[in-house]
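Asks: Below is one structure. I have some questions about it.
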Amino acid sequence: MGLNSFTRDNSIFENETVLRDEYTPDDLLERDDELAAYQNALRPVINGAPPKNIFLYGQTGVGKTISTDLVLSQLQSDAEQYDDLGVETIYLNCKDLSTSYQVAANLVNVFRADDPDQSTISTTGYPQSMVYDMLWEHLEDLDGTHALIVLDEVDSIGTDDGILYQLPRASTAGHVTDTYVGVIGICNNFTFRDNLSARVKDTLCEEELHFKPYDANQLGTILRHRAEKAFFDDVLESDVIPAAAAYGAQESGSARQALKLLYKAGDLAREGERSTVTGEDVENARELIAKDRIGDEVNSLPTQGKLALTAVYTLERRGETPSKRIQIHEEYERHASAIDADVLSIRSIHDRLSDLRLKGILDGEERNDGRGGGSYYQYQLGDREDIIGEILQEDERLSALF
DNA sequence: CCTCCACAGGAAAAAGTGGGCG
DNA sequence: CGCCCACTTTTTCCTGTGGAGG
């Protein structure tokens with residue numbers, strides 16, 4: 001097999017960069033109300049007053065992070081004209097950080113990342129109070145009068161909200177003088193607020209901004225705007241953007257996802273060496289993205305999760321699905337001991353299974369047969385058996401099971 | 001309308017992990 | 001090296017629940 005030569009295939013994309021995830025637009029469409037509210041909430045800062053704590057709610061891809069970017073950089077540059085004002089922003093993405101301790105330790109590391117003299121600290125091992133002390137010290141050392149701490153995806157810390165209690169109180173409790181500390185929390189989960197303890201709710205939720213999912217019209221505007229830069233003229237057939245916008249609105253209301261769909265559709269047209277992108281490309285792109293997602297999810301599962309899934313898979317192959325968790329656990333026990341892995345209790349497997357169900361990899365039907373039956377879940381693979389089987393067999397440790 | 005099955009899923013205890021410090 | 005700290009994962013224990021059969 002020989003290689004094809006690399007040639008510039010410029011008939012579809014004029015500049016595909018603008019469709020990528022990493023691309024940050026310099027203005028944000030269809031979010032005027034939210035931006036106005038956001039700026040309003042930050043107004044005390046420009047007056048030299050202590051900042052309000054702000055909470056942003058909304059699903060992924062509705063512009064929360066980009067709004068924060070835009071509003072804060074505007075605030076910083078506007079603050080420069082006042083000599084008695086210095087606004088510092090500290091950004092931390094809390095994804096994968098499940099406790100307050102880790103958030104605090106990572107915040108310390110954000111400070112230290114800018115400073116080559118200091119090495120970053122480990123995220124385990126220190127007593128909790130020492131980590132907080134280090135954090136106060138760094139905040140104290142800031143030049144500015146205001147420190148705005150942005151905690152993105154803060155809902156991943158769950159119910160352990162100690163850091164959210166400590167940070168806003170840093171100045172009043174005397175840990176930090178000379179600098180006002182404000183917290184901006186961004187979360188995807190609307191129920192996060194309810195999980196917070198009462199003391200945190202009082203201090204932290206002074207200002208709440210809600211970002212609604214985009215509807216099909218708004219997505220259409222965004223896509224058209226972006227497509228104009230990304231594609232050459234007349235490449236998109238007229239039904240492409242409406243179709244992508246409709247799918248996007250229907251599934252998530254996320255601009256990110258709608259853009260991904262449009263990008264993939266363009267990609268398909270390019271692969272097929274066609275000169276236009278059609279509605280059919282959008283349809284196919286949607287299918288591919290869904291498959292990719294499942295594939296990625298399965299691949300990133302830990303061994304025990306894969307074993308649980310394998311158990312359902314082999315049961316399905318034998319036509320014994322939908323099955324109850326006891327059957328699945330028995331099957332799982334056979335597999336796990338066959339490959340010499342730890343055999344977990346039924347309670348743990350039950351957690352794996354509901355995790356798989358939440359991710360949409362497994363279908364779980366809740367049943368209740370009443371007295372003599374009780375209520376239980378029945379699991380099966382749904383219409384994704386072939387993809388899942390394929391991916392499981394690629395796993396080295398598991399391949400012996402097939 | 002009450003009971004009672006068989007599970008779901010929360011909570012707490014226990015076991016295990018990784019790093020700091022003297 | 002032994003011990004402490006804080007976290008994570010797993011196990012153990014237990015309360016809660018919807019509806020068929022009484």
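Identifiers in the structure tokens: chain A, B, ... in order shown; residue index from 1 per chain; ligand index from 1 in order shown.
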Near chain A, which residues of chain C fall within 6 Å when you count only C-alpha atoms (C1' of nucleotides), and what do they look like as a VMD selection string?

Replies: chain C and resid 5 19 to 20

Asks: Show me which bits of chain B are within 9 Å of chain A, counting only C-alpha atoms (C1' of nucleotides), as a list of chain:residue names.

Replies: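 The contacting residues on chain B are B:DT3, B:DC4, B:DC5, B:DA6, B:DC7, B:DA8, B:DG9, B:DG18, B:DG19, B:DG20.
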
Asks: Enumerate the residues of range 209-345 of chain A with a DSSP assignment of alpha helix (DSSP H), computed from the backbone, and present them as JSON, numbers by chain.

Replies: {"A": [216, 217, 218, 219, 220, 221, 222, 223, 224, 225, 226, 227, 228, 229, 230, 240, 241, 242, 243, 244, 245, 246, 247, 248, 249, 250, 251, 255, 256, 257, 258, 259, 260, 261, 262, 263, 264, 265, 266, 267, 268, 269, 270, 271, 279, 280, 281, 282, 283, 284, 285, 286, 287, 288, 289, 290, 291, 292, 293, 294, 295, 296, 297, 298, 299, 303, 304, 305, 306, 307, 308, 309, 310, 311, 312, 313, 314, 315, 316, 317, 325, 326, 327, 328, 329, 330, 331, 332, 333, 334, 335, 336, 337, 338]}

Asks: Between B:DC2, B:DA11, B:DG22, B:DT17, which one has atoms that come closest to DG21 in chain C, using only C-alpha atoms (C1' of nucleotides)?

Replies: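 Looking at the shortest contact to DG21 in chain C, the residue is B:DC2.
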
Asks: Would you give me, as a tab-separated table, each residue of chain B having an atom within 8 Å of an atom of range 6-18 of chain C, along with its shortest atom pair and that distance in Å to one decimal, using only C-alpha atoms (C1' of nucleotides) and sorting by chain and residue number?

Replies:
residue	atom	partner	partner_atom	distance
B:DA13	C1'	C:DT12	C1'	7.5
B:DA14	C1'	C:DT11	C1'	7.3
B:DA15	C1'	C:DT10	C1'	7.6
B:DG16	C1'	C:DT9	C1'	7.6
B:DT17	C1'	C:DT8	C1'	7.6

Asks: With N, CA, C and O atoms (P, O5', C5', C4', C3', O3' and C1' of nucleotides) retained, export the selected residues as a PDB file, in the first residue's frame.

Replies:
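The new file part37.pdb reads:
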ATOM      1  P    DA B  13     -19.094   5.162  61.154  1.00  0.00           P
ATOM      2  O5'  DA B  13     -18.348   3.761  61.047  1.00  0.00           O
ATOM      3  C5'  DA B  13     -19.101   2.564  60.903  1.00  0.00           C
ATOM      4  C4'  DA B  13     -18.294   1.562  60.093  1.00  0.00           C
ATOM      5  C3'  DA B  13     -16.818   1.477  60.493  1.00  0.00           C
ATOM      6  O3'  DA B  13     -16.481   0.116  60.631  1.00  0.00           O
ATOM      7  C1'  DA B  13     -17.009   1.828  58.162  1.00  0.00           C
ATOM      8  P    DA B  14     -15.044  -0.295  61.201  1.00  0.00           P
ATOM      9  O5'  DA B  14     -14.306  -0.762  59.874  1.00  0.00           O
ATOM     10  C5'  DA B  14     -14.969  -1.661  58.984  1.00  0.00           C
ATOM     11  C4'  DA B  14     -14.083  -1.890  57.781  1.00  0.00           C
ATOM     12  C3'  DA B  14     -12.589  -1.982  58.097  1.00  0.00           C
ATOM     13  O3'  DA B  14     -12.072  -3.090  57.393  1.00  0.00           O
ATOM     14  C1'  DA B  14     -12.950  -0.380  56.410  1.00  0.00           C
ATOM     15  P    DA B  15     -10.586  -3.637  57.700  1.00  0.00           P
ATOM     16  O5'  DA B  15      -9.932  -3.528  56.253  1.00  0.00           O
ATOM     17  C5'  DA B  15     -10.724  -3.845  55.094  1.00  0.00           C
ATOM     18  C4'  DA B  15     -10.072  -3.233  53.879  1.00  0.00           C
ATOM     19  C3'  DA B  15      -8.542  -3.295  53.887  1.00  0.00           C
ATOM     20  O3'  DA B  15      -8.113  -3.775  52.633  1.00  0.00           O
ATOM     21  C1'  DA B  15      -9.253  -1.104  53.454  1.00  0.00           C
ATOM     22  P    DG B  16      -6.543  -3.935  52.307  1.00  0.00           P
ATOM     23  O5'  DG B  16      -6.272  -2.664  51.381  1.00  0.00           O
ATOM     24  C5'  DG B  16      -7.088  -2.473  50.220  1.00  0.00           C
ATOM     25  C4'  DG B  16      -6.620  -1.243  49.481  1.00  0.00           C
ATOM     26  C3'  DG B  16      -5.096  -1.129  49.350  1.00  0.00           C
ATOM     27  O3'  DG B  16      -4.801  -0.683  48.031  1.00  0.00           O
ATOM     28  C1'  DG B  16      -5.952   0.828  50.308  1.00  0.00           C
ATOM     29  P    DT B  17      -3.260  -0.531  47.572  1.00  0.00           P
ATOM     30  O5'  DT B  17      -3.127   1.024  47.300  1.00  0.00           O
ATOM     31  C5'  DT B  17      -4.127   1.710  46.534  1.00  0.00           C
ATOM     32  C4'  DT B  17      -3.744   3.177  46.429  1.00  0.00           C
ATOM     33  C3'  DT B  17      -2.240   3.393  46.268  1.00  0.00           C
ATOM     34  O3'  DT B  17      -1.996   4.261  45.176  1.00  0.00           O
ATOM     35  C1'  DT B  17      -3.080   4.697  48.063  1.00  0.00           C
TER      36       DT B  17
END

Asks: How many Å separate CA of Thr303 in chain A from CA of Ile157 in chain A?

Replies: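 Computed distance, CA of Thr303 in chain A to CA of Ile157 in chain A, equals 24.3 Å.
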
Asks: Would you work out the distance separating CA of Tyr180 in chain A from CA of Asp26 in chain A, expressed in Å to one decimal?

Replies: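 These atoms are spaced 28.6 Å apart.
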
Asks: Which polymer residues have any atom within 12 Å of an atom of range 78-80 of chain A, counting only C-alpha atoms (C1' of nucleotides), with same-chain residues fewer than 6 positions away left out, as an MDAnalysis selection string?

Replies: chainID A and resid 39 42:48 71:72 86:88 144:146

Asks: Please indicate the distance in Å from CA of Ala105 in chain A to CA of Ile121 in chain A, rounded to one decimal place.

Replies: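 Interatomic distance, CA of Ala105 in chain A to CA of Ile121 in chain A: 7.2 Å.
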
Asks: Run DSSP on the backbone and tell me which residues of range 86-263 of chain A come out as strand (DSSP E or B); list them as an MDAnalysis selection string.

Replies: chainID A and resid 87:93 146:152 180:187 207:210 231 236

Asks: With N, CA and C atoms kept, could you save the residues just selected as a PDB file, in the first residue's frame?

Replies:
ATOM      1  N   VAL A  87      -7.118  44.520  39.332  1.00  0.00           N
ATOM      2  CA  VAL A  87      -7.953  43.327  39.329  1.00  0.00           C
ATOM      3  C   VAL A  87      -7.146  42.133  38.838  1.00  0.00           C
ATOM      4  N   GLU A  88      -7.056  41.134  39.670  1.00  0.00           N
ATOM      5  CA  GLU A  88      -6.374  39.898  39.274  1.00  0.00           C
ATOM      6  C   GLU A  88      -7.423  38.799  39.150  1.00  0.00           C
ATOM      7  N   THR A  89      -7.288  37.984  38.117  1.00  0.00           N
ATOM      8  CA  THR A  89      -8.200  36.846  38.031  1.00  0.00           C
ATOM      9  C   THR A  89      -7.398  35.557  38.113  1.00  0.00           C
ATOM     10  N   ILE A  90      -7.966  34.614  38.826  1.00  0.00           N
ATOM     11  CA  ILE A  90      -7.340  33.309  38.970  1.00  0.00           C
ATOM     12  C   ILE A  90      -8.327  32.285  38.440  1.00  0.00           C
ATOM     13  N   TYR A  91      -7.920  31.533  37.440  1.00  0.00           N
ATOM     14  CA  TYR A  91      -8.840  30.575  36.836  1.00  0.00           C
ATOM     15  C   TYR A  91      -8.418  29.155  37.172  1.00  0.00           C
ATOM     16  N   LEU A  92      -9.378  28.370  37.589  1.00  0.00           N
ATOM     17  CA  LEU A  92      -9.096  26.953  37.829  1.00  0.00           C
ATOM     18  C   LEU A  92     -10.261  26.111  37.358  1.00  0.00           C
ATOM     19  N   ASN A  93      -9.960  25.106  36.549  1.00  0.00           N
ATOM     20  CA  ASN A  93     -10.993  24.162  36.152  1.00  0.00           C
ATOM     21  C   ASN A  93     -11.007  23.019  37.163  1.00  0.00           C
ATOM     22  N   HIS A 146      -8.241  43.552  44.056  1.00  0.00           N
ATOM     23  CA  HIS A 146      -9.298  42.560  43.932  1.00  0.00           C
ATOM     24  C   HIS A 146      -8.749  41.264  43.341  1.00  0.00           C
ATOM     25  N   ALA A 147      -9.102  40.147  43.963  1.00  0.00           N
ATOM     26  CA  ALA A 147      -8.760  38.853  43.388  1.00  0.00           C
ATOM     27  C   ALA A 147     -10.055  38.124  43.066  1.00  0.00           C
ATOM     28  N   LEU A 148     -10.279  37.866  41.790  1.00  0.00           N
ATOM     29  CA  LEU A 148     -11.481  37.141  41.395  1.00  0.00           C
ATOM     30  C   LEU A 148     -11.086  35.705  41.054  1.00  0.00           C
ATOM     31  N   ILE A 149     -11.625  34.780  41.810  1.00  0.00           N
ATOM     32  CA  ILE A 149     -11.264  33.385  41.616  1.00  0.00           C
ATOM     33  C   ILE A 149     -12.363  32.681  40.843  1.00  0.00           C
ATOM     34  N   VAL A 150     -12.035  32.241  39.652  1.00  0.00           N
ATOM     35  CA  VAL A 150     -13.014  31.561  38.818  1.00  0.00           C
ATOM     36  C   VAL A 150     -12.860  30.057  39.002  1.00  0.00           C
ATOM     37  N   LEU A 151     -13.901  29.419  39.463  1.00  0.00           N
ATOM     38  CA  LEU A 151     -13.873  27.969  39.611  1.00  0.00           C
ATOM     39  C   LEU A 151     -14.807  27.358  38.575  1.00  0.00           C
ATOM     40  N   ASP A 152     -14.211  26.870  37.500  1.00  0.00           N
ATOM     41  CA  ASP A 152     -15.007  26.296  36.414  1.00  0.00           C
ATOM     42  C   ASP A 152     -15.374  24.854  36.780  1.00  0.00           C
ATOM     43  N   TYR A 180      -9.419  42.147  48.240  1.00  0.00           N
ATOM     44  CA  TYR A 180     -10.771  41.611  48.277  1.00  0.00           C
ATOM     45  C   TYR A 180     -10.824  40.327  47.464  1.00  0.00           C
ATOM     46  N   VAL A 181     -11.436  39.315  48.032  1.00  0.00           N
ATOM     47  CA  VAL A 181     -11.522  38.047  47.309  1.00  0.00           C
ATOM     48  C   VAL A 181     -12.965  37.807  46.881  1.00  0.00           C
ATOM     49  N   GLY A 182     -13.143  37.522  45.598  1.00  0.00           N
ATOM     50  CA  GLY A 182     -14.479  37.198  45.083  1.00  0.00           C
ATOM     51  C   GLY A 182     -14.439  35.867  44.385  1.00  0.00           C
ATOM     52  N   VAL A 183     -15.519  35.123  44.497  1.00  0.00           N
ATOM     53  CA  VAL A 183     -15.567  33.811  43.863  1.00  0.00           C
ATOM     54  C   VAL A 183     -16.588  33.823  42.743  1.00  0.00           C
ATOM     55  N   ILE A 184     -16.183  33.312  41.610  1.00  0.00           N
ATOM     56  CA  ILE A 184     -17.121  33.106  40.502  1.00  0.00           C
ATOM     57  C   ILE A 184     -17.186  31.618  40.245  1.00  0.00           C
ATOM     58  N   GLY A 185     -18.309  31.017  40.546  1.00  0.00           N
ATOM     59  CA  GLY A 185     -18.455  29.571  40.361  1.00  0.00           C
ATOM     60  C   GLY A 185     -19.235  29.274  39.096  1.00  0.00           C
ATOM     61  N   ILE A 186     -18.736  28.350  38.313  1.00  0.00           N
ATOM     62  CA  ILE A 186     -19.425  27.981  37.083  1.00  0.00           C
ATOM     63  C   ILE A 186     -19.866  26.538  37.214  1.00  0.00           C
ATOM     64  N   CYS A 187     -21.134  26.254  37.018  1.00  0.00           N
ATOM     65  CA  CYS A 187     -21.506  24.839  37.071  1.00  0.00           C
ATOM     66  C   CYS A 187     -22.550  24.445  36.048  1.00  0.00           C
ATOM     67  N   GLU A 207     -25.306  36.364  43.832  1.00  0.00           N
ATOM     68  CA  GLU A 207     -25.726  36.719  42.482  1.00  0.00           C
ATOM     69  C   GLU A 207     -25.744  35.436  41.650  1.00  0.00           C
ATOM     70  N   GLU A 208     -26.891  35.135  41.077  1.00  0.00           N
ATOM     71  CA  GLU A 208     -26.958  33.905  40.277  1.00  0.00           C
ATOM     72  C   GLU A 208     -27.342  34.239  38.851  1.00  0.00           C
ATOM     73  N   LEU A 209     -26.570  33.716  37.918  1.00  0.00           N
ATOM     74  CA  LEU A 209     -26.867  33.953  36.508  1.00  0.00           C
ATOM     75  C   LEU A 209     -27.203  32.624  35.852  1.00  0.00           C
ATOM     76  N   HIS A 210     -28.285  32.627  35.122  1.00  0.00           N
ATOM     77  CA  HIS A 210     -28.670  31.388  34.442  1.00  0.00           C
ATOM     78  C   HIS A 210     -28.468  31.518  32.942  1.00  0.00           C
ATOM     79  N   PHE A 231     -16.186  28.125   5.940  1.00  0.00           N
ATOM     80  CA  PHE A 231     -16.383  27.493   4.631  1.00  0.00           C
ATOM     81  C   PHE A 231     -16.253  28.517   3.516  1.00  0.00           C
ATOM     82  N   LEU A 236     -22.020  25.202   1.410  1.00  0.00           N
ATOM     83  CA  LEU A 236     -23.091  24.598   2.196  1.00  0.00           C
ATOM     84  C   LEU A 236     -24.409  24.655   1.442  1.00  0.00           C
TER      85      LEU A 236
END
